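Trainee: Attaching a single structure in structure tokens format; questions to follow.
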Amino acid sequence: MSASHSSSLLAYCRPGFEGECAQELAALDAEAGGGGYARAERGSGLVEFVATDAEARRRLGAGASWRNLVFARQILEVLASARDLPPRDRLGVLLPIVENDARRWCDAWVEAPDSDAARELAALCRGLNAALIAALKQRRLIDRASRWRLHVCLTAGDAAFLAAADVAGTAPWPGGIPRLKFPRAAPSRSTLKLEEALLVLLDDGERERWLKPGMRAVDLGASPGGWTWQLVARSLHVTAVDNGPMDAALLASGLVDHLRADGFRYRPQRPVDWMVCDMVEQPSRVAARMAEWLAQGWCRCAIFNLKLPMKKRYDEVQACFATIRNALDDAGKRVELRAKQLYHDREEITVFARVV
Ligand SMILES: C[S@@+](CC[C@H](N)C(=O)[O-])C[C@H]1O[C@@H](n2cnc3c(N)ncnc32)[C@H](O)[C@@H]1O
């Protein structure tokens with residue numbers, strides 16, 4: 001068995017997007033003056049970013065908060081990585097490392113990445129999690145008021161990263177995945193995408209302030225109505241734009257106007273609070289359209305999907321952000337952009353934009 005200490009960060013991402021996640025961390029590291037490098041195996045759902053030293057990791061960690069990262073579902077500070085863990089006493093290796101750290105922990109999560117290979121570790125994670133919490137309590141290392149959470153990321157039955165998360169700057173869900181229950185009355189599964197976007201891209205206070213009953217929204221590419229359903233559930237009035245049919249029960253709510261029109265041409269007669277867009281189109285075309293809505297002041301907030309191309313996906317995302325920022329710049333306005341590849345996103349990311 002062996003355990004080595006490190007000055008790296010660990011990010012969880014959608015399997016297959018390790019390259020984009022690594023590029024994003026490398027760009028932030030370069031901005032912070034670091035010279036680190038990423039280690040990632042394709043399909044693993046994990047990226048380890050090795051900073052040049054502890055100070056470079058601190059600088060990178062300050063910029064690479066979970067909220068600022070598009071491709072990372074979670075970002076952790078690695079304490080150590082361990083290999084050849086004995087199957088009967090994994091904690092015997094991990095606990096001394098934890099005891100060596102001065103921190104106490106508000107909680108401890110044992111997780112596995114979201115990869116096919118790691119899925120079979122779920123039962124082991126649960127068992128080990130219970131044993132870890134019991135051992136930490138016994139050693140008085142649990143303090144519910146602590147800002148730090150302990151993570152064990154099992155990459156195999158005998159290998160793990162031991163890591164720390166600052167609760168304020170990290171995802172509040174194991175694996176970085178909010179587990180949402182499909183609402184039976186919703187007309188399509190993509191309803192979960194907008195629900196997750198509102199949960200991940202806005203905080204509690206913002207959801208309360210910016211999504212109020214009686215507000216007006218436009219849903220571009222709305223059929224059959226999964227996204228509209230989320231807005232109606234929050235008592236917003238929605239203009240649903242799509243040549244396809246809308247769910248009958250949703251129309252019967254009295255809160256939805258269905259317009260059979262082209263979402264790339266439609267413009268509202270007066271400004272609305274929200275515009276959401278799930279039209280499947282080239283990302284550059286969607287970005288240009290979103291930029292127009294925001295620059296013209298047709299909506300205050302927007303949530304939209306950008307489908308990613310097969311190659312140069314990171315570059316495409318940056319180009320789309322630049323399109324939006326430049327258009328708003330030209331209009332003398334500033335836009336706040338937040339984006340994430342959500343758990344319910346596949347080859348796409350979801351963006352929240354707001355004129356500030
Ligand atoms: C992924 S589906 C939307 C699903 C919807 N968000 C939901 O939750 O049920 C994409 C929709 O975009 C619509 N669409 C594509 N191009 C469009 C356009 N130019 N104008 C309006 N709707 C469009 C399609 O008809 C399709 O219904």
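Identifiers in the structure tokens: chain A, B, ... in order shown; residue index from 1 per chain; ligand index from 1 in order shown.
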Can you list every residue in range 31-186 of chain A that DSSP puts in strand (DSSP E or B), as an MDAnalysis selection string?
Mentor: chainID A and resid 37:39 46:50 74:83 105 107:111 142 148:156 159:166
Trainee: Counting only C-alpha atoms and all ligand atoms, which protein, DNA or RNA residues come within 8 Å of ligand 1, given as a PDB file with C-alpha atoms, in the first residue's frame?
Mentor:
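Generated file (part.pdb):
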```pdb
ATOM      1  CA  PRO A 187     -44.663  16.631 -20.305  1.00  0.00           C
ATOM      2  CA  SER A 188     -41.020  15.733 -21.028  1.00  0.00           C
ATOM      3  CA  ARG A 189     -37.871  14.590 -19.273  1.00  0.00           C
ATOM      4  CA  SER A 190     -36.024  17.716 -20.359  1.00  0.00           C
ATOM      5  CA  THR A 191     -37.980  19.468 -17.598  1.00  0.00           C
ATOM      6  CA  LYS A 193     -32.649  20.175 -17.225  1.00  0.00           C
ATOM      7  CA  LEU A 194     -34.305  23.502 -16.452  1.00  0.00           C
ATOM      8  CA  ASP A 219     -39.852  29.748 -24.024  1.00  0.00           C
ATOM      9  CA  LEU A 220     -38.222  29.385 -27.480  1.00  0.00           C
ATOM     10  CA  GLY A 221     -38.455  25.794 -28.764  1.00  0.00           C
ATOM     11  CA  ALA A 222     -40.981  24.919 -26.075  1.00  0.00           C
ATOM     12  CA  SER A 223     -42.745  21.767 -27.356  1.00  0.00           C
ATOM     13  CA  PRO A 224     -43.945  19.601 -25.666  1.00  0.00           C
ATOM     14  CA  GLY A 225     -43.494  21.846 -22.624  1.00  0.00           C
ATOM     15  CA  GLY A 226     -41.052  20.459 -20.048  1.00  0.00           C
ATOM     16  CA  TRP A 227     -39.329  23.832 -19.562  1.00  0.00           C
ATOM     17  CA  THR A 228     -42.602  25.767 -19.721  1.00  0.00           C
ATOM     18  CA  TRP A 229     -43.893  23.397 -17.019  1.00  0.00           C
ATOM     19  CA  VAL A 241     -42.902  29.483 -29.141  1.00  0.00           C
ATOM     20  CA  ASP A 242     -42.730  26.305 -31.219  1.00  0.00           C
ATOM     21  CA  ASN A 243     -44.346  24.843 -34.327  1.00  0.00           C
ATOM     22  CA  GLY A 244     -44.732  21.586 -32.407  1.00  0.00           C
ATOM     23  CA  PRO A 245     -47.673  20.821 -30.076  1.00  0.00           C
ATOM     24  CA  ARG A 260     -46.629  28.545 -33.665  1.00  0.00           C
ATOM     25  CA  ALA A 261     -43.727  30.690 -34.845  1.00  0.00           C
ATOM     26  CA  ASP A 262     -40.018  30.578 -35.644  1.00  0.00           C
ATOM     27  CA  GLY A 263     -37.982  31.059 -32.472  1.00  0.00           C
ATOM     28  CA  PHE A 264     -35.231  32.727 -34.493  1.00  0.00           C
ATOM     29  CA  ARG A 265     -37.580  35.455 -35.699  1.00  0.00           C
ATOM     30  CA  CYS A 277     -34.359  28.506 -25.122  1.00  0.00           C
ATOM     31  CA  ASP A 278     -33.922  24.802 -25.829  1.00  0.00           C
ATOM     32  CA  MET A 279     -33.882  24.963 -29.651  1.00  0.00           C
ATOM     33  CA  VAL A 280     -31.520  22.384 -31.115  1.00  0.00           C
ATOM     34  CA  GLU A 281     -29.311  24.500 -33.374  1.00  0.00           C
TER      35      GLU A 281
END
```
Trainee: Within 9 Å of Phe161 in chain A, counting only C-alpha atoms, which residues qualify if same-chain residues fewer than 2 places away don't, as a ChimeraX atom specification?
Mentor: /A:10,78-83,151-155,159,163
Trainee: Please produce a file of the residues just selected, as a compact mmCIF listing (two decimals), in the first residue's frame, where the atoms kept are C-alpha atoms.
Mentor:
```txt
# COMPACT_ATOMS: atom_id res chain seq x y z
CA LEU A 10 -9.54 17.06 -8.21
CA VAL A 78 -6.43 16.76 -2.75
CA LEU A 79 -4.83 15.79 0.56
CA ALA A 80 -3.32 12.54 -0.66
CA SER A 81 -3.82 9.71 -3.08
CA ALA A 82 -3.59 6.12 -1.92
CA ARG A 83 -3.03 2.87 -3.83
CA HIS A 151 -14.14 13.58 0.61
CA VAL A 152 -12.90 10.12 -0.25
CA CYS A 153 -13.09 9.50 -3.98
CA LEU A 154 -12.73 5.78 -4.69
CA THR A 155 -11.31 5.22 -8.17
CA ALA A 159 -7.39 3.19 -4.76
CA ALA A 163 -9.69 15.43 -0.47
```
Trainee: Would you give me, as a Markdown table, each residue of range 138-176 of chain A having an atom within 10 Å of an atom of range 97-101 of chain A, along with its shortest atom pair and that distance in Å to one decimal, using only C-alpha atoms and sorting by chain and residue number?
Mentor:
```
| residue | atom | partner | partner_atom | distance |
| --- | --- | --- | --- | --- |
| A:Arg139 | CA | A:Glu99 | CA | 8.5 |
| A:Leu141 | CA | A:Glu99 | CA | 8.1 |
| A:Leu150 | CA | A:Val98 | CA | 8.7 |
| A:Leu162 | CA | A:Val98 | CA | 8.3 |
| A:Ala163 | CA | A:Val98 | CA | 9.4 |
| A:Ala164 | CA | A:Val98 | CA | 9.9 |
```
Trainee: Could you list, with a cut-off of 8 Å and counting only C-alpha atoms, the residues of range 133-244 of chain A near range 329-344 of chain A, each shown with its nearest atom pair and the distance in Å rounded to one decimal, rows sorted by chain and ascending number, as JSON lines?
Mentor:
```
{"residue": "A:Ile177", "atom": "CA", "partner": "A:Tyr343", "partner_atom": "CA", "distance": 6.2}
{"residue": "A:Pro178", "atom": "CA", "partner": "A:Tyr343", "partner_atom": "CA", "distance": 7.7}
{"residue": "A:Ser190", "atom": "CA", "partner": "A:His344", "partner_atom": "CA", "distance": 7.9}
{"residue": "A:Leu192", "atom": "CA", "partner": "A:His344", "partner_atom": "CA", "distance": 6.9}
{"residue": "A:Lys193", "atom": "CA", "partner": "A:His344", "partner_atom": "CA", "distance": 5.4}
{"residue": "A:Glu196", "atom": "CA", "partner": "A:Leu342", "partner_atom": "CA", "distance": 7.2}
{"residue": "A:Ala197", "atom": "CA", "partner": "A:Leu342", "partner_atom": "CA", "distance": 7.2}
{"residue": "A:Leu201", "atom": "CA", "partner": "A:Arg338", "partner_atom": "CA", "distance": 6.5}
```
Trainee: Could you save those same residues with N, CA and C atoms as a short mmCIF file (atom, residue, chain, number, x, y, z; two decimals), in the first residue's frame?
Mentor:
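Okay, this is what ended up in result.cif:
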```cif
data_model
loop_
_atom_site.label_atom_id
_atom_site.label_comp_id
_atom_site.auth_asym_id
_atom_site.auth_seq_id
_atom_site.Cartn_x
_atom_site.Cartn_y
_atom_site.Cartn_z
N ILE A 177 -23.66 15.87 -8.12
CA ILE A 177 -24.87 15.57 -8.91
C ILE A 177 -26.12 15.76 -8.06
N PRO A 178 -26.94 16.76 -8.39
CA PRO A 178 -28.21 16.88 -7.65
C PRO A 178 -29.17 15.81 -8.17
N SER A 190 -36.95 16.58 -20.37
CA SER A 190 -36.02 17.72 -20.36
C SER A 190 -36.43 18.77 -19.32
N LEU A 192 -36.24 18.29 -16.35
CA LEU A 192 -35.22 18.17 -15.29
C LEU A 192 -34.01 19.07 -15.57
N LYS A 193 -33.79 19.35 -16.86
CA LYS A 193 -32.65 20.18 -17.23
C LYS A 193 -32.86 21.61 -16.71
N GLU A 196 -32.70 21.60 -12.90
CA GLU A 196 -31.31 21.53 -12.43
C GLU A 196 -30.59 22.87 -12.68
N ALA A 197 -30.86 23.48 -13.84
CA ALA A 197 -30.21 24.77 -14.15
C ALA A 197 -30.56 25.81 -13.08
N LEU A 201 -27.38 27.05 -11.15
CA LEU A 201 -26.86 28.33 -11.65
C LEU A 201 -27.31 29.53 -10.82
#
```
Trainee: Measuring atom to atom with only C-alpha atoms, identify which of A:Ala327, A:Leu251, A:Val286, A:Ala217 is nearest to Cys301 in chain A.
Mentor: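 Among A:Ala327, A:Leu251, A:Val286, A:Ala217, it is A:Ala217 that comes nearest to Cys301 in chain A.
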Trainee: Quick one, how far is CA of Gly63 in chain A from CA of Trp274 in chain A?
Mentor: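 These two atoms are separated by 28.8 Å.
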Trainee: So that I can check the secondary structure, give me every residue of range 27-170 of chain A assigned alpha helix (DSSP H) by backbone DSSP, as a ChimeraX atom specification.
Mentor: /A:27-31,54-63,90-100,116-119,122-138
Trainee: Using only C-alpha atoms, pick whichever of A:Leu25, A:Asp158, A:Tyr37, A:Arg126 has the shortest atom-to-atom distance to Pro87 in chain A.
Mentor: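 Smallest distance to Pro87 in chain A is found for A:Asp158.
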Trainee: Compile the contact shell of Leu60 in chain A as a ChimeraX atom specification: residues with an atom at most 9 Å away, counting only C-alpha atoms, same-chain residues fewer than 2 positions apart removed.
Mentor: /A:9,25,28-34,51,55-58,62-65
Trainee: Output N, CA and C atoms for every residue in the selection just made, as a PDB file, in the first residue's frame.
Mentor:
```pdb
ATOM      1  N   LEU A   9      -5.591  19.627  -7.410  1.00  0.00           N
ATOM      2  CA  LEU A   9      -7.040  19.757  -7.289  1.00  0.00           C
ATOM      3  C   LEU A   9      -7.669  18.582  -8.027  1.00  0.00           C
ATOM      4  N   LEU A  25      -9.306  24.207 -16.450  1.00  0.00           N
ATOM      5  CA  LEU A  25      -8.464  24.391 -15.267  1.00  0.00           C
ATOM      6  C   LEU A  25      -7.098  24.955 -15.664  1.00  0.00           C
ATOM      7  N   LEU A  28      -7.367  28.688 -16.249  1.00  0.00           N
ATOM      8  CA  LEU A  28      -7.439  29.445 -14.991  1.00  0.00           C
ATOM      9  C   LEU A  28      -6.087  29.467 -14.288  1.00  0.00           C
ATOM     10  N   ASP A  29      -5.397  28.334 -14.356  1.00  0.00           N
ATOM     11  CA  ASP A  29      -4.070  28.243 -13.740  1.00  0.00           C
ATOM     12  C   ASP A  29      -3.113  29.221 -14.420  1.00  0.00           C
ATOM     13  N   ALA A  30      -3.178  29.285 -15.752  1.00  0.00           N
ATOM     14  CA  ALA A  30      -2.295  30.188 -16.495  1.00  0.00           C
ATOM     15  C   ALA A  30      -2.604  31.637 -16.115  1.00  0.00           C
ATOM     16  N   GLU A  31      -3.906  31.935 -15.996  1.00  0.00           N
ATOM     17  CA  GLU A  31      -4.310  33.301 -15.589  1.00  0.00           C
ATOM     18  C   GLU A  31      -3.743  33.662 -14.226  1.00  0.00           C
ATOM     19  N   ALA A  32      -3.685  32.647 -13.332  1.00  0.00           N
ATOM     20  CA  ALA A  32      -3.186  32.884 -11.969  1.00  0.00           C
ATOM     21  C   ALA A  32      -1.668  32.805 -11.909  1.00  0.00           C
ATOM     22  N   GLY A  33      -1.027  32.659 -13.070  1.00  0.00           N
ATOM     23  CA  GLY A  33       0.439  32.648 -13.110  1.00  0.00           C
ATOM     24  C   GLY A  33       1.055  31.297 -12.806  1.00  0.00           C
ATOM     25  N   GLY A  34       0.248  30.254 -12.793  1.00  0.00           N
ATOM     26  CA  GLY A  34       0.770  28.923 -12.466  1.00  0.00           C
ATOM     27  C   GLY A  34       1.305  28.204 -13.689  1.00  0.00           C
ATOM     28  N   ALA A  51      -0.824  21.331  -9.406  1.00  0.00           N
ATOM     29  CA  ALA A  51      -0.279  22.688  -9.395  1.00  0.00           C
ATOM     30  C   ALA A  51       1.223  22.615  -9.103  1.00  0.00           C
ATOM     31  N   GLU A  55       1.238  27.042  -3.045  1.00  0.00           N
ATOM     32  CA  GLU A  55       0.800  28.421  -3.250  1.00  0.00           C
ATOM     33  C   GLU A  55       0.071  28.553  -4.597  1.00  0.00           C
ATOM     34  N   ALA A  56       0.604  27.877  -5.636  1.00  0.00           N
ATOM     35  CA  ALA A  56      -0.054  27.906  -6.953  1.00  0.00           C
ATOM     36  C   ALA A  56      -1.420  27.233  -6.855  1.00  0.00           C
ATOM     37  N   ARG A  57      -1.515  26.174  -6.056  1.00  0.00           N
ATOM     38  CA  ARG A  57      -2.814  25.523  -5.888  1.00  0.00           C
ATOM     39  C   ARG A  57      -3.791  26.451  -5.174  1.00  0.00           C
ATOM     40  N   ARG A  58      -3.292  27.187  -4.197  1.00  0.00           N
ATOM     41  CA  ARG A  58      -4.179  28.105  -3.468  1.00  0.00           C
ATOM     42  C   ARG A  58      -4.723  29.170  -4.415  1.00  0.00           C
ATOM     43  N   ALA A  62      -8.617  29.550  -5.617  1.00  0.00           N
ATOM     44  CA  ALA A  62      -9.411  30.760  -5.359  1.00  0.00           C
ATOM     45  C   ALA A  62     -10.222  31.139  -6.602  1.00  0.00           C
ATOM     46  N   GLY A  63      -9.663  30.936  -7.801  1.00  0.00           N
ATOM     47  CA  GLY A  63     -10.382  31.293  -9.030  1.00  0.00           C
ATOM     48  C   GLY A  63     -11.287  30.172  -9.508  1.00  0.00           C
ATOM     49  N   ALA A  64     -10.894  28.938  -9.178  1.00  0.00           N
ATOM     50  CA  ALA A  64     -11.619  27.786  -9.725  1.00  0.00           C
ATOM     51  C   ALA A  64     -12.692  27.311  -8.758  1.00  0.00           C
ATOM     52  N   SER A  65     -13.557  28.231  -8.365  1.00  0.00           N
ATOM     53  CA  SER A  65     -14.669  27.808  -7.508  1.00  0.00           C
ATOM     54  C   SER A  65     -15.644  27.009  -8.382  1.00  0.00           C
TER      55      SER A  65
END
```
Trainee: Which one is closest to Ala186 in chain A: A:Leu250, A:Ala171, A:Val200, A:Ala156? Count only C-alpha atoms.
Mentor: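 Among A:Leu250, A:Ala171, A:Val200, A:Ala156, it is A:Leu250 that comes nearest to Ala186 in chain A.
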